[in-house]
>>> print(open('run29.txt').read())   # compact mmCIF, C-alpha atoms and all ligand atoms
# COMPACT_ATOMS: atom_id res chain seq x y z
CA MET P 17 -27.37 0.50 12.23
CA ASN P 18 -23.83 -0.26 13.27
CA TYR P 19 -21.18 1.68 11.37
CA LEU P 20 -17.43 2.22 11.42
CA ILE P 21 -15.26 5.33 11.32
CA ALA P 22 -11.88 5.08 9.64
CA PRO P 23 -9.61 8.14 9.96
CA SER P 24 -7.30 8.45 6.94
CA VAL P 25 -3.65 8.50 7.96
CA LEU P 26 -2.86 10.45 4.77
CA ALA P 27 -4.03 13.57 6.60
CA ALA P 28 -1.85 12.90 9.68
CA ASP P 29 1.28 14.85 10.51
CA PHE P 30 4.03 12.54 9.22
CA ALA P 31 6.61 14.27 11.39
CA ASN P 32 4.50 13.25 14.38
CA LEU P 33 3.07 10.02 13.08
CA GLN P 34 3.35 8.09 16.32
CA ARG P 35 1.50 10.85 18.17
CA ASP P 36 -1.30 10.85 15.60
CA ILE P 37 -1.57 7.05 15.67
CA GLU P 38 -1.87 7.12 19.47
CA MET P 39 -4.59 9.76 19.10
CA VAL P 40 -6.61 7.40 16.87
CA ASN P 41 -5.89 4.50 19.27
CA SER P 42 -7.39 6.44 22.13
CA SER P 43 -10.41 7.67 20.12
CA ASP P 44 -13.75 6.08 19.21
CA ALA P 45 -12.44 5.28 15.70
CA ASP P 46 -12.73 1.71 14.46
CA TRP P 47 -10.06 1.37 11.74
CA PHE P 48 -7.00 3.15 10.37
CA HIS P 49 -7.55 3.98 6.69
CA VAL P 50 -4.20 3.74 4.90
CA ASP P 51 -3.89 5.19 1.38
CA ILE P 52 -1.23 3.73 -0.90
CA MET P 53 -0.66 5.72 -4.12
CA ASP P 54 1.83 4.78 -6.81
CA GLY P 55 1.98 7.93 -8.95
CA VAL P 56 0.66 5.94 -11.93
CA PHE P 57 -2.90 4.92 -11.12
CA VAL P 58 -3.35 8.28 -9.40
CA PRO P 59 -1.38 11.51 -9.89
CA ASN P 60 0.21 11.38 -6.46
CA ILE P 61 2.63 9.23 -4.45
CA SER P 62 1.87 8.68 -0.77
CA PHE P 63 4.09 6.17 1.03
CA GLY P 64 5.10 2.52 0.96
CA PHE P 65 6.04 -0.40 3.18
CA PRO P 66 8.43 1.24 5.68
CA VAL P 67 5.71 3.72 6.68
CA LEU P 68 2.97 1.08 6.68
CA GLU P 69 5.10 -1.13 8.94
CA ALA P 70 5.71 1.82 11.26
CA ILE P 71 1.95 2.46 11.44
CA ASN P 72 1.35 -1.21 12.16
CA ARG P 73 3.85 -1.18 15.03
CA TYR P 74 1.75 1.34 16.98
CA ALA P 75 -1.79 0.91 15.65
CA LYS P 76 -4.15 -0.92 17.99
CA LYS P 77 -7.00 -1.04 15.46
CA PRO P 78 -7.29 -2.85 12.11
CA LEU P 79 -5.50 -1.39 9.09
CA ASP P 80 -7.85 -0.72 6.18
CA VAL P 81 -5.46 -0.51 3.23
CA HIS P 82 -6.72 1.29 0.11
CA LEU P 83 -4.50 0.46 -2.86
CA MET P 84 -4.52 3.17 -5.50
CA ILE P 85 -1.97 1.32 -7.59
CA THR P 86 -1.88 -0.40 -10.98
CA ASP P 87 -1.64 -4.18 -11.09
CA PRO P 88 -2.16 -4.62 -7.33
CA ASP P 89 -1.74 -8.43 -7.55
CA ARG P 90 2.04 -7.94 -7.42
CA TYR P 91 1.88 -6.51 -3.90
CA ILE P 92 -1.11 -8.08 -2.17
CA GLU P 93 0.92 -10.63 -0.24
CA ALA P 94 3.37 -7.97 0.92
CA PHE P 95 0.51 -5.78 2.18
CA ALA P 96 -1.00 -8.71 4.07
CA LYS P 97 2.41 -9.40 5.65
CA ALA P 98 2.82 -5.72 6.52
CA GLY P 99 -0.31 -5.92 8.68
CA ALA P 100 -3.35 -5.13 6.51
CA SER P 101 -6.69 -6.47 7.78
CA VAL P 102 -8.69 -5.13 4.84
CA ILE P 103 -7.18 -4.82 1.37
CA THR P 104 -9.14 -2.78 -1.16
CA VAL P 105 -8.16 -2.71 -4.83
CA HIS P 106 -9.62 -0.50 -7.54
CA TYR P 107 -12.04 -2.00 -10.04
CA GLU P 108 -10.32 0.14 -12.69
CA ALA P 109 -6.90 -1.36 -11.90
CA CYS P 110 -7.79 -5.06 -12.07
CA THR P 111 -8.07 -7.14 -15.24
CA HIS P 112 -8.92 -10.32 -13.31
CA LEU P 113 -10.80 -8.88 -10.38
CA HIS P 114 -12.34 -12.17 -9.26
CA ARG P 115 -8.89 -13.75 -9.01
CA THR P 116 -7.52 -10.74 -7.13
CA VAL P 117 -10.39 -10.83 -4.62
CA ASP P 118 -9.81 -14.54 -4.12
CA ALA P 119 -6.08 -13.98 -3.52
CA ILE P 120 -6.81 -11.33 -0.86
CA LYS P 121 -9.19 -13.65 0.99
CA LYS P 122 -6.76 -16.58 0.83
CA LEU P 123 -4.24 -14.39 2.67
CA GLY P 124 -6.74 -14.06 5.52
CA CYS P 125 -7.70 -10.45 4.79
CA LYS P 126 -11.07 -8.92 4.05
CA ALA P 127 -11.40 -8.08 0.36
CA GLY P 128 -12.62 -4.71 -0.85
CA VAL P 129 -13.22 -3.23 -4.31
CA ALA P 130 -13.14 0.53 -4.88
CA LEU P 131 -14.96 2.45 -7.60
CA ASN P 132 -13.89 5.81 -9.00
CA PRO P 133 -16.61 8.48 -9.16
CA HIS P 134 -17.36 7.76 -12.85
CA THR P 135 -17.56 3.97 -12.46
CA PRO P 136 -21.14 2.66 -12.16
CA VAL P 137 -21.94 0.39 -9.22
CA SER P 138 -23.70 -2.03 -11.59
CA LEU P 139 -20.23 -3.24 -12.66
CA LEU P 140 -19.97 -4.99 -9.30
CA GLU P 141 -22.99 -7.17 -9.99
CA ASN P 142 -21.05 -10.35 -10.70
CA VAL P 143 -18.53 -10.02 -7.89
CA ILE P 144 -20.72 -8.61 -5.13
CA GLN P 145 -21.28 -12.00 -3.51
CA ASP P 146 -17.51 -12.56 -3.23
CA ILE P 147 -16.39 -9.32 -1.61
CA ASP P 148 -16.50 -8.10 1.99
CA LEU P 149 -16.49 -4.41 1.19
CA ALA P 150 -17.19 -1.98 -1.63
CA LEU P 151 -15.56 1.44 -1.44
CA ILE P 152 -17.28 4.26 -3.29
CA MET P 153 -14.92 7.14 -3.99
CA SER P 154 -16.68 10.43 -3.29
CA VAL P 155 -13.76 12.43 -4.74
CA ASN P 156 -11.32 11.58 -7.52
CA PRO P 157 -8.63 9.50 -5.82
CA GLY P 158 -5.17 10.94 -5.30
CA PHE P 159 -5.50 13.70 -2.75
CA GLY P 160 -7.07 14.42 0.61
CA GLY P 161 -9.03 17.57 1.33
CA GLN P 162 -11.19 17.60 -1.83
CA LYS P 163 -14.87 18.50 -2.15
CA PHE P 164 -17.42 15.71 -1.74
CA ILE P 165 -19.24 14.75 -4.97
CA SER P 166 -22.98 14.69 -4.22
CA GLN P 167 -23.75 12.09 -6.91
CA THR P 168 -22.35 9.63 -4.35
CA TYR P 169 -25.64 9.38 -2.42
CA LYS P 170 -27.41 7.81 -5.42
CA LYS P 171 -24.55 5.39 -5.97
CA VAL P 172 -24.67 4.25 -2.35
CA GLN P 173 -28.40 3.69 -2.57
CA SER P 174 -28.14 1.64 -5.79
CA LEU P 175 -25.26 -0.41 -4.44
CA ARG P 176 -27.18 -1.15 -1.26
CA ASP P 177 -30.18 -2.23 -3.38
CA LEU P 178 -27.90 -4.41 -5.51
CA SER P 179 -26.48 -6.12 -2.42
CA ILE P 180 -29.81 -7.03 -0.81
CA GLY P 181 -30.43 -10.76 -0.89
CA VAL P 182 -27.04 -11.34 -2.56
CA ASN P 183 -24.61 -10.13 0.10
CA ASP P 184 -26.52 -8.70 3.03
CA ASN P 185 -23.29 -8.28 5.02
CA LEU P 186 -21.59 -6.13 2.37
CA MET P 187 -19.81 -3.19 3.95
CA ILE P 188 -20.18 0.01 1.93
CA GLU P 189 -17.34 2.45 2.59
CA ILE P 190 -17.26 6.09 1.49
CA ASP P 191 -13.98 7.86 0.94
CA GLY P 192 -13.38 11.53 0.22
CA GLY P 193 -14.68 14.77 1.66
CA VAL P 194 -16.70 13.10 4.41
CA ASN P 195 -17.85 15.43 7.17
CA LEU P 196 -20.65 15.83 9.69
CA ASP P 197 -22.98 17.33 7.06
CA ASN P 198 -22.86 14.46 4.57
CA ALA P 199 -22.22 11.54 6.97
CA PRO P 200 -25.86 11.16 8.17
CA LEU P 201 -27.14 11.21 4.57
CA LEU P 202 -24.55 8.66 3.50
CA MET P 203 -25.59 6.32 6.26
CA GLU P 204 -29.24 6.82 5.44
CA ALA P 205 -28.41 5.78 1.85
CA GLY P 206 -26.81 2.57 3.11
CA ALA P 207 -23.14 3.30 3.83
CA ASN P 208 -21.64 1.77 6.97
CA VAL P 209 -17.93 2.63 6.87
CA LEU P 210 -16.90 6.28 6.65
CA VAL P 211 -13.36 7.43 5.93
CA ALA P 212 -12.44 10.89 7.17
CA GLY P 213 -9.06 12.51 6.58
CA ASN P 214 -8.87 16.26 6.80
CA PHE P 215 -12.14 16.58 8.65
CA VAL P 216 -10.54 14.71 11.56
CA PHE P 217 -6.87 15.64 11.42
CA SER P 218 -7.35 19.34 10.64
CA ALA P 219 -9.95 19.72 13.37
CA GLU P 220 -9.07 21.66 16.49
CA ASP P 221 -10.03 18.62 18.54
CA PRO P 222 -9.66 15.42 16.47
CA ILE P 223 -10.79 13.14 19.33
CA SER P 224 -14.13 14.88 19.76
CA THR P 225 -14.55 15.14 15.98
CA ILE P 226 -14.25 11.35 15.77
CA GLN P 227 -16.62 11.07 18.71
CA ALA P 228 -19.15 13.28 16.89
CA LEU P 229 -18.87 11.12 13.74
CA LYS P 230 -19.45 8.02 15.87
CA ALA P 231 -22.44 9.55 17.63
CA ILE P 232 -24.60 10.18 14.56
CA LYS P 233 -28.09 8.83 15.06
CA THR P 234 -29.07 6.32 12.42
CA GLY P 235 -32.52 4.97 11.67
C1 LIG S 1 -8.12 10.07 -1.53
C2 LIG S 1 -7.92 9.07 -0.43
C3 LIG S 1 -8.72 9.36 0.77
C4 LIG S 1 -8.33 10.64 1.47
C5 LIG S 1 -9.55 11.16 2.21
O1 LIG S 1 -7.56 9.59 -2.70
O2 LIG S 1 -8.30 7.77 -0.87
O3 LIG S 1 -8.71 8.29 1.69
O4 LIG S 1 -7.27 10.45 2.37
O5 LIG S 1 -9.26 12.40 2.73
P1 LIG S 1 -10.37 13.51 2.98
O6 LIG S 1 -11.31 12.95 4.01
O7 LIG S 1 -9.58 14.67 3.47
O8 LIG S 1 -11.08 13.77 1.67
ZN ZN S 2 -8.63 6.17 0.68
>>> encode(input="run29.txt", output="structure tokens", more="lines below")
Ligand code: DX5
Ligand code: ZN
Amino acid sequence: MNYLIAPSVLAADFANLQRDIEMVNSSDADWFHVDIMDGVFVPNISFGFPVLEAINRYAKKPLDVHLMITDPDRYIEAFAKAGASVITVHYEACTHLHRTVDAIKKLGCKAGVALNPHTPVSLLENVIQDIDLALIMSVNPGFGGQKFISQTYKKVQSLRDLSIGVNDNLMIEIDGGVNLDNAPLLMEAGANVLVAGNFVFSAEDPISTIQALKAIKTG
């Protein structure tokens, strides 16, 4: 199975952001995962457009933008203009999710929907055919470096089952606490995009850590 690795810029050294972006450019990674937090939807504030635009100036791989913000409709166009290739909104933050997904696709971006750890995958049943990607949070959103929640494996498996015959191209992305121990099991369960923040950026050798994540044998 083909799968993607998306290092999370949240774990980069912001005083050396260009250096860290070049590291990802020169690695086996597929996407840049970019976490936007508004301090309302999640109890943390990350960064906004000036930083995103700076990332986009140097990044040579698609920007996978994860919006942990309330009422994301207000900013979707601005994120598309700032260089996002994938825009993922939270199920819990959207009253009119179908309309939001449609708006993302009309801007030429891939549309993703994220689920918090407590949100059942069955809630995606009536939107699954319209989305490009579903992101399953494997930690509570807001911070990098948290412990992986093992309930995630079951969620991945049920979401993959739900997608069969309805959206066979659905990308299933896992975000939070991903490492070399859980990555093979996640892929076995049906995930095909893995975000890794601290596991990559805190590693002694980030390039070979990404290489190791890319080299996992899948069935
Ligand atoms: C958490 C963010 C994640 C985070 C992952 O709210 O959405 O993308 O950066 O970081 P690690 O891999 O360190 O858990
Ligand atoms: Zn994220």
>>> residues_near_ligand(input="run29.txt", ligand="ligand ZN 2 (chain S)", cutoff="10 Å", atoms="all atoms listed in the file", output="MDAnalysis selection string")
chainID P and resid 22:26 49:53 80:84 104 130 151:155 157:160 189:192 211:213
>>> atom_distance(input="run29.txt", atom1="atom CA of Ala94 of chain P", atom2="atom CA of Leu131 of chain P")
22.7 Å
>>> residues_near_point(input="run29.txt", point="(-7.6, 4.2, 19.1)", cutoff="12 Å", atoms="all atoms listed in the file", output="list in words")
Ile21, Ala22, Pro23, Gln34, Arg35, Asp36, Ile37, Glu38, Met39, Val40, Asn41, Ser42, Ser43, Asp44, Ala45, Asp46, Trp47, Phe48, Tyr74, Ala75, Lys76, Lys77, Pro78, Leu79, Pro222, Ile223, Ile226 and Gln227 of chain P
>>> axis_aligned_box(input="run29.txt", around="ligand LIG 1 (chain S)", padding_each_side="8 Å", output="JSON")
{"center_x": -9.3, "center_y": 11.2, "center_z": 0.7, "size_x": 20.0, "size_y": 22.9, "size_z": 22.7}
>>> atom_distance(input="run29.txt", atom1="atom CA of Arg176 of chain P", atom2="atom O6 of ligand LIG 1 (chain S)")
21.9 Å
>>> atom_distance(input="run29.txt", atom1="atom CA of Val209 of chain P", atom2="atom CA of Ile180 of chain P")
17.1 Å
>>> closest_residue(input="run29.txt", among="P:His134, P:Lys170, P:Ala228, P:Lys163", to="ligand LIG 1 (chain S)", atoms="all atoms listed in the file")
P:Lys163
>>> residues_around(input="run29.txt", residues="segment 137-150 of chain P", least_positions_apart="6", cutoff="6 Å", atoms="only C-alpha atoms", output="list of chain:residue names")
P:Lys126, P:Ala127, P:Gly128, P:Val129, P:Ala130, P:Leu175, P:Val182, P:Asn183, P:Leu186, P:Met187, P:Ile188
>>> residues_around(input="run29.txt", residues="segment 199-205 of chain P", least_positions_apart="5", cutoff="9 Å", atoms="only C-alpha atoms", output="VMD selection string")
chain P and resid 17 19 168 to 174 176 190 194 210 229 232 to 235
>>> closest_residue(input="run29.txt", among="P:Gly161, P:Gly64, P:Pro133, P:Gly99", to="ligand LIG 1 (chain S)", atoms="only C-alpha atoms and all ligand atoms")
P:Gly161
>>> closest_residue(input="run29.txt", among="P:Gly193, P:Ser62, P:Asn72, P:Ser224", to="ligand LIG 1 (chain S)", atoms="only C-alpha atoms and all ligand atoms")
P:Gly193
>>> closest_residue(input="run29.txt", among="P:Glu93, P:Asp54, P:Glu69, P:Asp87", to="ligand LIG 1 (chain S)", atoms="all atoms listed in the file")
P:Asp54
>>> closest_residue(input="run29.txt", among="P:Asn185, P:Thr116, P:Thr135, P:Asn214", to="ligand LIG 1 (chain S)", atoms="all atoms listed in the file")
P:Asn214
>>> closest_residue(input="run29.txt", among="P:Gln162, P:Asn60, P:Thr111, P:Thr225", to="ligand LIG 1 (chain S)", atoms="all atoms listed in the file")
P:Gln162
>>> build_atoms(input="run29.txt", residues="segment 76-100 of chain P", atoms="N, CA and C atoms", output="PDB file, in the frame of the given file")
ATOM      1  N   LYS P  76      -3.464   0.106  17.197  1.00  0.00           N
ATOM      2  CA  LYS P  76      -4.150  -0.920  17.990  1.00  0.00           C
ATOM      3  C   LYS P  76      -5.503  -1.257  17.368  1.00  0.00           C
ATOM      4  N   LYS P  77      -5.736  -0.761  16.156  1.00  0.00           N
ATOM      5  CA  LYS P  77      -7.000  -1.040  15.460  1.00  0.00           C
ATOM      6  C   LYS P  77      -6.660  -1.552  14.064  1.00  0.00           C
ATOM      7  N   PRO P  78      -7.591  -2.265  13.427  1.00  0.00           N
ATOM      8  CA  PRO P  78      -7.290  -2.850  12.110  1.00  0.00           C
ATOM      9  C   PRO P  78      -6.860  -1.823  11.066  1.00  0.00           C
ATOM     10  N   LEU P  79      -5.954  -2.245  10.195  1.00  0.00           N
ATOM     11  CA  LEU P  79      -5.500  -1.390   9.090  1.00  0.00           C
ATOM     12  C   LEU P  79      -6.324  -1.693   7.833  1.00  0.00           C
ATOM     13  N   ASP P  80      -6.990  -0.649   7.359  1.00  0.00           N
ATOM     14  CA  ASP P  80      -7.850  -0.720   6.180  1.00  0.00           C
ATOM     15  C   ASP P  80      -7.042  -0.109   5.033  1.00  0.00           C
ATOM     16  N   VAL P  81      -6.424  -0.977   4.224  1.00  0.00           N
ATOM     17  CA  VAL P  81      -5.460  -0.510   3.230  1.00  0.00           C
ATOM     18  C   VAL P  81      -6.129  -0.318   1.868  1.00  0.00           C
ATOM     19  N   HIS P  82      -6.078   0.903   1.372  1.00  0.00           N
ATOM     20  CA  HIS P  82      -6.720   1.290   0.110  1.00  0.00           C
ATOM     21  C   HIS P  82      -5.620   1.438  -0.941  1.00  0.00           C
ATOM     22  N   LEU P  83      -5.569   0.475  -1.853  1.00  0.00           N
ATOM     23  CA  LEU P  83      -4.500   0.460  -2.860  1.00  0.00           C
ATOM     24  C   LEU P  83      -4.905   1.227  -4.103  1.00  0.00           C
ATOM     25  N   MET P  84      -4.319   2.391  -4.278  1.00  0.00           N
ATOM     26  CA  MET P  84      -4.520   3.170  -5.500  1.00  0.00           C
ATOM     27  C   MET P  84      -3.296   2.957  -6.363  1.00  0.00           C
ATOM     28  N   ILE P  85      -3.150   1.704  -6.817  1.00  0.00           N
ATOM     29  CA  ILE P  85      -1.970   1.320  -7.590  1.00  0.00           C
ATOM     30  C   ILE P  85      -2.388   0.447  -8.772  1.00  0.00           C
ATOM     31  N   THR P  86      -1.595   0.479  -9.832  1.00  0.00           N
ATOM     32  CA  THR P  86      -1.880  -0.400 -10.980  1.00  0.00           C
ATOM     33  C   THR P  86      -1.391  -1.802 -10.649  1.00  0.00           C
ATOM     34  N   ASP P  87      -2.015  -2.775 -11.246  1.00  0.00           N
ATOM     35  CA  ASP P  87      -1.640  -4.180 -11.090  1.00  0.00           C
ATOM     36  C   ASP P  87      -1.378  -4.566  -9.623  1.00  0.00           C
ATOM     37  N   PRO P  88      -2.372  -4.399  -8.763  1.00  0.00           N
ATOM     38  CA  PRO P  88      -2.160  -4.620  -7.330  1.00  0.00           C
ATOM     39  C   PRO P  88      -1.773  -6.055  -6.961  1.00  0.00           C
ATOM     40  N   ASP P  89      -2.063  -7.022  -7.849  1.00  0.00           N
ATOM     41  CA  ASP P  89      -1.740  -8.430  -7.550  1.00  0.00           C
ATOM     42  C   ASP P  89      -0.274  -8.616  -7.126  1.00  0.00           C
ATOM     43  N   ARG P  90       0.601  -7.807  -7.702  1.00  0.00           N
ATOM     44  CA  ARG P  90       2.040  -7.940  -7.420  1.00  0.00           C
ATOM     45  C   ARG P  90       2.365  -7.698  -5.951  1.00  0.00           C
ATOM     46  N   TYR P  91       1.504  -6.937  -5.252  1.00  0.00           N
ATOM     47  CA  TYR P  91       1.880  -6.510  -3.900  1.00  0.00           C
ATOM     48  C   TYR P  91       0.947  -6.977  -2.793  1.00  0.00           C
ATOM     49  N   ILE P  92      -0.103  -7.705  -3.167  1.00  0.00           N
ATOM     50  CA  ILE P  92      -1.110  -8.080  -2.170  1.00  0.00           C
ATOM     51  C   ILE P  92      -0.516  -8.849  -0.992  1.00  0.00           C
ATOM     52  N   GLU P  93       0.326  -9.810  -1.304  1.00  0.00           N
ATOM     53  CA  GLU P  93       0.920 -10.630  -0.240  1.00  0.00           C
ATOM     54  C   GLU P  93       1.771  -9.754   0.695  1.00  0.00           C
ATOM     55  N   ALA P  94       2.521  -8.850   0.110  1.00  0.00           N
ATOM     56  CA  ALA P  94       3.370  -7.970   0.920  1.00  0.00           C
ATOM     57  C   ALA P  94       2.525  -7.069   1.818  1.00  0.00           C
ATOM     58  N   PHE P  95       1.373  -6.618   1.332  1.00  0.00           N
ATOM     59  CA  PHE P  95       0.510  -5.780   2.180  1.00  0.00           C
ATOM     60  C   PHE P  95      -0.109  -6.610   3.301  1.00  0.00           C
ATOM     61  N   ALA P  96      -0.454  -7.840   3.008  1.00  0.00           N
ATOM     62  CA  ALA P  96      -1.000  -8.710   4.070  1.00  0.00           C
ATOM     63  C   ALA P  96       0.080  -8.922   5.135  1.00  0.00           C
ATOM     64  N   LYS P  97       1.307  -9.175   4.704  1.00  0.00           N
ATOM     65  CA  LYS P  97       2.410  -9.400   5.650  1.00  0.00           C
ATOM     66  C   LYS P  97       2.740  -8.139   6.444  1.00  0.00           C
ATOM     67  N   ALA P  98       2.512  -6.984   5.836  1.00  0.00           N
ATOM     68  CA  ALA P  98       2.820  -5.720   6.520  1.00  0.00           C
ATOM     69  C   ALA P  98       1.734  -5.337   7.526  1.00  0.00           C
ATOM     70  N   GLY P  99       0.668  -6.135   7.601  1.00  0.00           N
ATOM     71  CA  GLY P  99      -0.310  -5.920   8.680  1.00  0.00           C
ATOM     72  C   GLY P  99      -1.708  -5.516   8.251  1.00  0.00           C
ATOM     73  N   ALA P 100      -2.009  -5.535   6.947  1.00  0.00           N
ATOM     74  CA  ALA P 100      -3.350  -5.130   6.510  1.00  0.00           C
ATOM     75  C   ALA P 100      -4.409  -6.123   6.981  1.00  0.00           C
TER      76      ALA P 100
END
